[in-house]
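File shown here: work12.pdb, holding PDB, N, CA and C atoms.
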MODEL        1
ATOM      1  N   LYS O 761       0.853  -1.171   0.000
ATOM      2  CA  LYS O 761       0.000   0.000   0.000
ATOM      3  C   LYS O 761       0.904   1.240   0.000
ATOM      4  N   LYS O 762       0.566   2.210  -0.821
ATOM      5  CA  LYS O 762       1.342   3.426  -0.963
ATOM      6  C   LYS O 762       1.511   4.115   0.391
ATOM      7  N   PRO O 763       2.640   4.631   0.737
ATOM      8  CA  PRO O 763       3.889   4.739  -0.005
ATOM      9  C   PRO O 763       4.828   3.550   0.199
ATOM     10  N   PHE O 764       4.392   2.560   0.989
ATOM     11  CA  PHE O 764       5.278   1.438   1.304
ATOM     12  C   PHE O 764       5.338   0.400   0.196
ATOM     13  N   ASP O 765       4.681   0.669  -0.921
ATOM     14  CA  ASP O 765       4.826  -0.199  -2.079
ATOM     15  C   ASP O 765       6.155   0.058  -2.795
ATOM     16  N   ASP O 766       6.834   1.108  -2.396
ATOM     17  CA  ASP O 766       8.129   1.473  -2.965
ATOM     18  C   ASP O 766       9.240   0.927  -2.071
ATOM     19  N   VAL O 767      10.097   0.087  -2.639
ATOM     20  CA  VAL O 767      11.167  -0.536  -1.864
ATOM     21  C   VAL O 767      12.076   0.508  -1.214
ATOM     22  N   ARG O 768      12.240   1.663  -1.849
ATOM     23  CA  ARG O 768      13.104   2.706  -1.270
ATOM     24  C   ARG O 768      12.520   3.225   0.041
ATOM     25  N   VAL O 769      11.212   3.322   0.120
ATOM     26  CA  VAL O 769      10.561   3.774   1.362
ATOM     27  C   VAL O 769      10.741   2.719   2.443
ATOM     28  N   ARG O 770      10.544   1.473   2.105
ATOM     29  CA  ARG O 770      10.715   0.400   3.098
ATOM     30  C   ARG O 770      12.157   0.347   3.585
ATOM     31  N   ARG O 771      13.105   0.463   2.667
ATOM     32  CA  ARG O 771      14.522   0.469   3.069
ATOM     33  C   ARG O 771      14.831   1.690   3.925
ATOM     34  N   ALA O 772      14.268   2.844   3.574
ATOM     35  CA  ALA O 772      14.504   4.063   4.355
ATOM     36  C   ALA O 772      14.035   3.874   5.795
ATOM     37  N   PHE O 773      12.870   3.302   5.980
ATOM     38  CA  PHE O 773      12.375   3.081   7.339
ATOM     39  C   PHE O 773      13.259   2.094   8.085
ATOM     40  N   GLY O 774      13.722   1.060   7.404
ATOM     41  CA  GLY O 774      14.619   0.097   8.044
ATOM     42  C   GLY O 774      15.932   0.723   8.477
ATOM     43  N   GLU O 775      16.490   1.602   7.623
ATOM     44  CA  GLU O 775      17.774   2.225   7.930
ATOM     45  C   GLU O 775      17.651   3.382   8.917
ATOM     46  N   ALA O 776      16.478   3.959   9.033
ATOM     47  CA  ALA O 776      16.285   5.096   9.942
ATOM     48  C   ALA O 776      16.228   4.655  11.401
ATOM     49  N   VAL O 777      15.901   3.403  11.621
ATOM     50  CA  VAL O 777      15.722   2.890  12.982
ATOM     51  C   VAL O 777      17.012   2.238  13.473
ATOM     52  N   ASP O 778      17.395   2.557  14.693
ATOM     53  CA  ASP O 778      18.544   1.911  15.326
ATOM     54  C   ASP O 778      18.010   0.696  16.095
ATOM     55  N   TRP O 779      17.852  -0.413  15.384
ATOM     56  CA  TRP O 779      17.226  -1.611  15.939
ATOM     57  C   TRP O 779      17.965  -2.150  17.150
ATOM     58  N   ARG O 780      19.280  -2.132  17.128
ATOM     59  CA  ARG O 780      20.043  -2.662  18.264
ATOM     60  C   ARG O 780      19.869  -1.785  19.509
ATOM     61  N   ARG O 781      19.778  -0.491  19.307
ATOM     62  CA  ARG O 781      19.569   0.408  20.452
ATOM     63  C   ARG O 781      18.179   0.197  21.052
ATOM     64  N   ILE O 782      17.174   0.004  20.211
ATOM     65  CA  ILE O 782      15.834  -0.265  20.725
ATOM     66  C   ILE O 782      15.833  -1.549  21.536
ATOM     67  N   ALA O 783      16.489  -2.587  21.030
ATOM     68  CA  ALA O 783      16.551  -3.853  21.766
ATOM     69  C   ALA O 783      17.246  -3.653  23.104
ATOM     70  N   ALA O 784      18.345  -2.904  23.103
ATOM     71  CA  ALA O 784      19.084  -2.673  24.351
ATOM     72  C   ALA O 784      18.248  -1.872  25.349
ATOM     73  N   LEU O 785      17.515  -0.880  24.880
ATOM     74  CA  LEU O 785      16.714  -0.048  25.773
ATOM     75  C   LEU O 785      15.438  -0.735  26.247
ATOM     76  N   SER O 786      14.988  -1.736  25.504
ATOM     77  CA  SER O 786      13.721  -2.368  25.848
ATOM     78  C   SER O 786      13.857  -3.484  26.863
ATOM     79  N   GLY O 787      15.071  -3.939  27.102
ATOM     80  CA  GLY O 787      15.274  -5.062  28.000
ATOM     81  C   GLY O 787      15.470  -4.660  29.440
ATOM     82  N   THR O 788      15.236  -5.619  30.292
ATOM     83  CA  THR O 788      15.483  -5.406  31.715
ATOM     84  C   THR O 788      16.797  -6.050  32.135
ATOM     85  N   ASN O 789      17.405  -6.769  31.200
ATOM     86  CA  ASN O 789      18.706  -7.383  31.473
ATOM     87  C   ASN O 789      19.485  -7.480  30.169
ATOM     88  N   GLU O 790      20.677  -8.030  30.222
ATOM     89  CA  GLU O 790      21.539  -8.060  29.043
ATOM     90  C   GLU O 790      21.208  -9.174  28.070
ATOM     91  N   THR O 791      20.176  -9.983  28.324
ATOM     92  CA  THR O 791      19.858 -11.089  27.419
ATOM     93  C   THR O 791      18.990 -10.656  26.246
ATOM     94  N   VAL O 792      18.487  -9.437  26.242
ATOM     95  CA  VAL O 792      17.650  -8.977  25.136
ATOM     96  C   VAL O 792      18.534  -8.708  23.934
ATOM     97  N   GLN O 793      18.117  -9.213  22.787
ATOM     98  CA  GLN O 793      18.864  -8.952  21.562
ATOM     99  C   GLN O 793      17.896  -8.618  20.438
ATOM    100  N   VAL O 794      18.394  -7.938  19.437
ATOM    101  CA  VAL O 794      17.580  -7.594  18.286
ATOM    102  C   VAL O 794      17.307  -8.870  17.484
ATOM    103  N   ALA O 795      16.102  -8.958  16.945
ATOM    104  CA  ALA O 795      15.766 -10.096  16.085
ATOM    105  C   ALA O 795      16.475  -9.891  14.756
ATOM    106  N   ASN O 796      17.479 -10.703  14.475
ATOM    107  CA  ASN O 796      18.258 -10.513  13.261
ATOM    108  C   ASN O 796      17.962 -11.562  12.198
ATOM    109  N   SER O 797      16.897 -12.329  12.401
ATOM    110  CA  SER O 797      16.499 -13.362  11.461
ATOM    111  C   SER O 797      15.041 -13.731  11.741
ATOM    112  N   MET O 798      14.378 -14.328  10.763
ATOM    113  CA  MET O 798      13.006 -14.809  10.970
ATOM    114  C   MET O 798      13.000 -16.085  11.813
ATOM    115  N   VAL O 799      14.138 -16.755  11.883
ATOM    116  CA  VAL O 799      14.251 -18.019  12.610
ATOM    117  C   VAL O 799      15.003 -17.757  13.909
ATOM    118  N   PRO O 800      14.423 -18.128  15.057
ATOM    119  CA  PRO O 800      15.086 -17.885  16.344
ATOM    120  C   PRO O 800      16.370 -18.700  16.510
ATOM    121  N   PRO O 801      17.292 -18.194  17.349
ATOM    122  CA  PRO O 801      18.513 -18.952  17.642
ATOM    123  C   PRO O 801      18.168 -20.335  18.195
ATOM    124  N   GLY O 802      18.993 -21.305  17.869
ATOM    125  CA  GLY O 802      18.799 -22.657  18.381
ATOM    126  C   GLY O 802      17.965 -23.550  17.486
ATOM    127  N   ILE O 803      17.328 -22.995  16.469
ATOM    128  CA  ILE O 803      16.517 -23.806  15.560
ATOM    129  C   ILE O 803      17.442 -24.372  14.474
ATOM    130  N   PRO O 804      17.422 -25.695  14.267
ATOM    131  CA  PRO O 804      18.283 -26.283  13.244
ATOM    132  C   PRO O 804      18.047 -25.640  11.867
ATOM    133  N   GLY O 805      19.136 -25.381  11.150
ATOM    134  CA  GLY O 805      19.049 -24.803   9.824
ATOM    135  C   GLY O 805      19.047 -23.285   9.805
ATOM    136  N   ARG O 806      19.075 -22.656  10.991
ATOM    137  CA  ARG O 806      19.089 -21.195  11.048
ATOM    138  C   ARG O 806      20.405 -20.680  10.481
ATOM    139  N   SER O 807      20.313 -19.669   9.666
ATOM    140  CA  SER O 807      21.505 -19.064   9.071
ATOM    141  C   SER O 807      22.237 -18.213  10.110
ATOM    142  N   ASP O 808      23.530 -18.099   9.958
ATOM    143  CA  ASP O 808      24.320 -17.228  10.820
ATOM    144  C   ASP O 808      24.323 -15.787  10.309
ATOM    145  N   ALA O 809      23.711 -15.553   9.158
ATOM    146  CA  ALA O 809      23.670 -14.199   8.582
ATOM    147  C   ALA O 809      22.864 -13.263   9.478
ATOM    148  N   ASP O 810      23.260 -12.013   9.506
ATOM    149  CA  ASP O 810      22.574 -10.980  10.286
ATOM    150  C   ASP O 810      21.779 -10.114   9.303
ATOM    151  N   TYR O 811      20.454 -10.176   9.382
ATOM    152  CA  TYR O 811      19.600  -9.489   8.427
ATOM    153  C   TYR O 811      19.088  -8.135   8.927
ATOM    154  N   VAL O 812      19.622  -7.644  10.031
ATOM    155  CA  VAL O 812      19.197  -6.350  10.559
ATOM    156  C   VAL O 812      19.680  -5.246   9.613
ATOM    157  N   PRO O 813      18.775  -4.346   9.203
ATOM    158  CA  PRO O 813      19.233  -3.242   8.341
ATOM    159  C   PRO O 813      20.263  -2.388   9.066
ATOM    160  N   ARG O 814      21.240  -1.892   8.330
ATOM    161  CA  ARG O 814      22.231  -1.001   8.933
ATOM    162  C   ARG O 814      21.533   0.276   9.377
ATOM    163  N   HIS O 815      22.014   0.872  10.445
ATOM    164  CA  HIS O 815      21.459   2.152  10.919
ATOM    165  C   HIS O 815      22.196   3.263  10.191
ATOM    166  N   ASP O 816      21.510   3.895   9.239
ATOM    167  CA  ASP O 816      22.134   4.917   8.406
ATOM    168  C   ASP O 816      21.104   5.999   8.077
ATOM    169  N   PRO O 817      20.852   6.921   9.025
ATOM    170  CA  PRO O 817      19.837   7.956   8.805
ATOM    171  C   PRO O 817      20.086   8.810   7.560
ATOM    172  N   ALA O 818      21.340   9.065   7.225
ATOM    173  CA  ALA O 818      21.630   9.879   6.031
ATOM    174  C   ALA O 818      21.166   9.149   4.770
ATOM    175  N   ASP O 819      21.444   7.856   4.695
ATOM    176  CA  ASP O 819      20.995   7.095   3.531
ATOM    177  C   ASP O 819      19.474   6.967   3.532
ATOM    178  N   ALA O 820      18.869   6.863   4.714
ATOM    179  CA  ALA O 820      17.406   6.808   4.795
ATOM    180  C   ALA O 820      16.796   8.082   4.216
ATOM    181  N   ARG O 821      17.373   9.235   4.539
ATOM    182  CA  ARG O 821      16.877  10.497   3.969
ATOM    183  C   ARG O 821      17.044  10.523   2.453
ATOM    184  N   ARG O 822      18.185  10.022   1.974
ATOM    185  CA  ARG O 822      18.433   9.963   0.525
ATOM    186  C   ARG O 822      17.417   9.062  -0.168
ATOM    187  N   LEU O 823      17.154   7.907   0.422
ATOM    188  CA  LEU O 823      16.181   6.979  -0.161
ATOM    189  C   LEU O 823      14.791   7.598  -0.216
ATOM    190  N   LEU O 824      14.382   8.293   0.863
ATOM    191  CA  LEU O 824      13.071   8.953   0.846
ATOM    192  C   LEU O 824      13.017  10.033  -0.236
ATOM    193  N   ALA O 825      14.097  10.787  -0.370
ATOM    194  CA  ALA O 825      14.143  11.814  -1.416
ATOM    195  C   ALA O 825      14.056  11.166  -2.795
ATOM    196  N   ASP O 826      14.791  10.077  -3.001
ATOM    197  CA  ASP O 826      14.751   9.366  -4.280
ATOM    198  C   ASP O 826      13.352   8.832  -4.583
ATOM    199  N   ALA O 827      12.604   8.507  -3.531
ATOM    200  CA  ALA O 827      11.247   7.987  -3.692
ATOM    201  C   ALA O 827      10.222   9.111  -3.884
ATOM    202  N   GLY O 828      10.688  10.377  -3.851
ATOM    203  CA  GLY O 828       9.784  11.498  -4.093
ATOM    204  C   GLY O 828       9.339  12.233  -2.845
ATOM    205  N   TYR O 829      10.036  12.002  -1.723
ATOM    206  CA  TYR O 829       9.678  12.647  -0.456
ATOM    207  C   TYR O 829      10.894  13.362   0.130
ATOM    208  N   PRO O 830      11.442  14.354  -0.568
ATOM    209  CA  PRO O 830      12.636  15.046  -0.045
ATOM    210  C   PRO O 830      12.329  15.734   1.283
ATOM    211  N   GLY O 831      13.147  15.442   2.283
ATOM    212  CA  GLY O 831      12.928  16.018   3.608
ATOM    213  C   GLY O 831      11.611  15.589   4.235
ATOM    214  N   GLY O 832      11.030  14.513   3.702
ATOM    215  CA  GLY O 832       9.744  14.026   4.212
ATOM    216  C   GLY O 832       8.547  14.765   3.628
ATOM    217  N   ALA O 833       8.786  15.735   2.753
ATOM    218  CA  ALA O 833       7.697  16.526   2.173
ATOM    219  C   ALA O 833       6.725  15.628   1.412
ATOM    220  N   GLY O 834       5.455  15.770   1.746
ATOM    221  CA  GLY O 834       4.415  15.008   1.068
ATOM    222  C   GLY O 834       4.215  13.597   1.581
ATOM    223  N   PHE O 835       5.050  13.182   2.543
ATOM    224  CA  PHE O 835       4.893  11.828   3.070
ATOM    225  C   PHE O 835       3.672  11.795   3.983
ATOM    226  N   PRO O 836       2.792  10.820   3.811
ATOM    227  CA  PRO O 836       1.591  10.779   4.642
ATOM    228  C   PRO O 836       1.900  10.484   6.107
ATOM    229  N   GLU O 837       1.037  10.941   6.983
ATOM    230  CA  GLU O 837       1.195  10.645   8.406
ATOM    231  C   GLU O 837       1.211   9.141   8.580
ATOM    232  N   THR O 838       2.158   8.665   9.370
ATOM    233  CA  THR O 838       2.328   7.241   9.600
ATOM    234  C   THR O 838       2.324   7.004  11.099
ATOM    235  N   VAL O 839       1.538   6.034  11.532
ATOM    236  CA  VAL O 839       1.373   5.765  12.957
ATOM    237  C   VAL O 839       1.940   4.385  13.283
ATOM    238  N   LEU O 840       2.759   4.325  14.316
ATOM    239  CA  LEU O 840       3.297   3.057  14.786
ATOM    240  C   LEU O 840       2.266   2.397  15.687
ATOM    241  N   MET O 841       1.928   1.181  15.364
ATOM    242  CA  MET O 841       1.028   0.398  16.206
ATOM    243  C   MET O 841       1.847  -0.737  16.799
ATOM    244  N   SER O 842       1.655  -1.000  18.081
ATOM    245  CA  SER O 842       2.417  -2.084  18.695
ATOM    246  C   SER O 842       1.524  -2.856  19.645
ATOM    247  N   GLY O 843       2.057  -3.941  20.105
ATOM    248  CA  GLY O 843       1.300  -4.801  21.005
ATOM    249  C   GLY O 843       1.659  -4.613  22.468
ATOM    250  N   GLY O 844       2.337  -3.518  22.799
ATOM    251  CA  GLY O 844       2.660  -3.251  24.191
ATOM    252  C   GLY O 844       3.906  -3.959  24.691
ATOM    253  N   SER O 845       4.864  -4.156  23.810
ATOM    254  CA  SER O 845       6.098  -4.831  24.217
ATOM    255  C   SER O 845       7.042  -3.844  24.901
ATOM    256  N   GLY O 846       8.173  -4.355  25.349
ATOM    257  CA  GLY O 846       9.180  -3.502  25.960
ATOM    258  C   GLY O 846       9.739  -2.478  24.992
ATOM    259  N   ALA O 847       9.584  -2.732  23.699
ATOM    260  CA  ALA O 847      10.073  -1.786  22.694
ATOM    261  C   ALA O 847       9.315  -0.468  22.764
ATOM    262  N   ASP O 848       8.069  -0.474  23.248
ATOM    263  CA  ASP O 848       7.298   0.768  23.353
ATOM    264  C   ASP O 848       8.024   1.803  24.211
ATOM    265  N   GLY O 849       8.507   1.382  25.357
ATOM    266  CA  GLY O 849       9.229   2.289  26.238
ATOM    267  C   GLY O 849      10.537   2.743  25.616
ATOM    268  N   ALA O 850      11.206   1.833  24.914
ATOM    269  CA  ALA O 850      12.469   2.181  24.253
ATOM    270  C   ALA O 850      12.238   3.220  23.173
ATOM    271  N   ILE O 851      11.179   3.070  22.411
ATOM    272  CA  ILE O 851      10.876   4.038  21.361
ATOM    273  C   ILE O 851      10.551   5.390  21.975
ATOM    274  N   GLY O 852       9.857   5.394  23.100
ATOM    275  CA  GLY O 852       9.587   6.644  23.808
ATOM    276  C   GLY O 852      10.876   7.310  24.243
ATOM    277  N   LEU O 853      11.834   6.526  24.738
ATOM    278  CA  LEU O 853      13.127   7.082  25.134
ATOM    279  C   LEU O 853      13.864   7.663  23.938
ATOM    280  N   LEU O 854      13.823   6.958  22.818
ATOM    281  CA  LEU O 854      14.497   7.447  21.607
ATOM    282  C   LEU O 854      13.871   8.753  21.129
ATOM    283  N   ARG O 855      12.556   8.844  21.179
ATOM    284  CA  ARG O 855      11.890  10.069  20.735
ATOM    285  C   ARG O 855      12.268  11.234  21.635
ATOM    286  N   ARG O 856      12.360  10.990  22.932
ATOM    287  CA  ARG O 856      12.703  12.035  23.881
ATOM    288  C   ARG O 856      14.149  12.495  23.704
ATOM    289  N   ASP O 857      15.035  11.497  23.504
ATOM    290  CA  ASP O 857      16.465  11.794  23.391
ATOM    291  C   ASP O 857      16.867  12.299  22.014
ATOM    292  N   GLY O 858      16.007  12.089  21.011
ATOM    293  CA  GLY O 858      16.328  12.491  19.636
ATOM    294  C   GLY O 858      17.004  11.394  18.984
TER     295      GLY O 858
ENDMDL
END
Could you render the structure as structure tokens?
Amino acid sequence: KKPFDDVRVRRAFGEAVDWRRIAALSGTNETVQVANSMVPPGIPGRSDADYVPRHDPADARRLLADAGYPGGAGFPETVLMSGGSGADGAIGLLRRDG
């Protein structure tokens, strides 16, 4: 669904988020880790590859501009919906801290 039908927009959102920082801020101990694969650790056949998008806000801005949203201009309001996980508090901390 527009604008997420454009791979550049999806990549921009992936690169704009610091996934490892959210995982670190959302945990109550050091065992919390970012989900870096669709298959959980310990499952036979799981790849050792790390599929977490790199955190690159500058490239995220470039991708959005390339997709027709320079500086976010014209991008529709987008709302994050969650299920009340520990990531909610981490995202609040990130928004407060910038």
| Which residues fall under the PyMOL selection byres ((chain O and resi 827-841) around 8) in this file, as an NGL selection string? | :O and (762-763 or 766-769 or 821-826 or 842-844)
| query | From the set O:Ala776, O:Val812, O:Ala820, O:Ala784, which residue has the shortest atom-to-atom contact distance to Asn796 in chain O, counting all atoms listed in the file? | reply |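 Closest to Asn796 in chain O of all the choices is O:Val812.
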Starting from 8 Å padding per side, set up an axis-aligned box that covers all listed atoms of range 777-780 of chain O and hand over centre and edge lengths in Å, one decimal, as JSON.
{"center_x": 17.9, "center_y": 0.4, "center_z": 15.6, "size_x": 20.3, "size_y": 22.1, "size_z": 23.9}
| request: Just give me the gap between atom N of His815 in chain O and atom N of Arg780 in chain O in Å, one decimal is fine. | output: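 Calculated distance between atom N of His815 in chain O and atom N of Arg780 in chain O is 7.8 Å.
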| In Å to one decimal, how far is CA of Asp816 in chain O from atom N of Val777 in chain O? |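 Separation between atom N of Val777 in chain O and CA of Asp816 in chain O: 7.2 Å.
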| remark: Counting only C-alpha atoms, closest pick from O:Met798, O:Gln793, O:Arg814, O:Arg806 relative to Gly774 in chain O is O:Arg814
| Nearest to Glu775 in chain O, chosen from O:Gly802, O:Ala818, O:Ser797, O:Lys761, with all atoms listed in the file counted in the distances | O:Ala818
| note | Expressed in Å, the length from atom N of Phe773 in chain O to atom C of Pro817 in chain O is 9.2 Å
| Between O:Leu785, O:Pro800, O:Asp819, O:Gly805, which has the minimum distance to Ala772 in chain O (counting only C-alpha atoms)? | O:Asp819
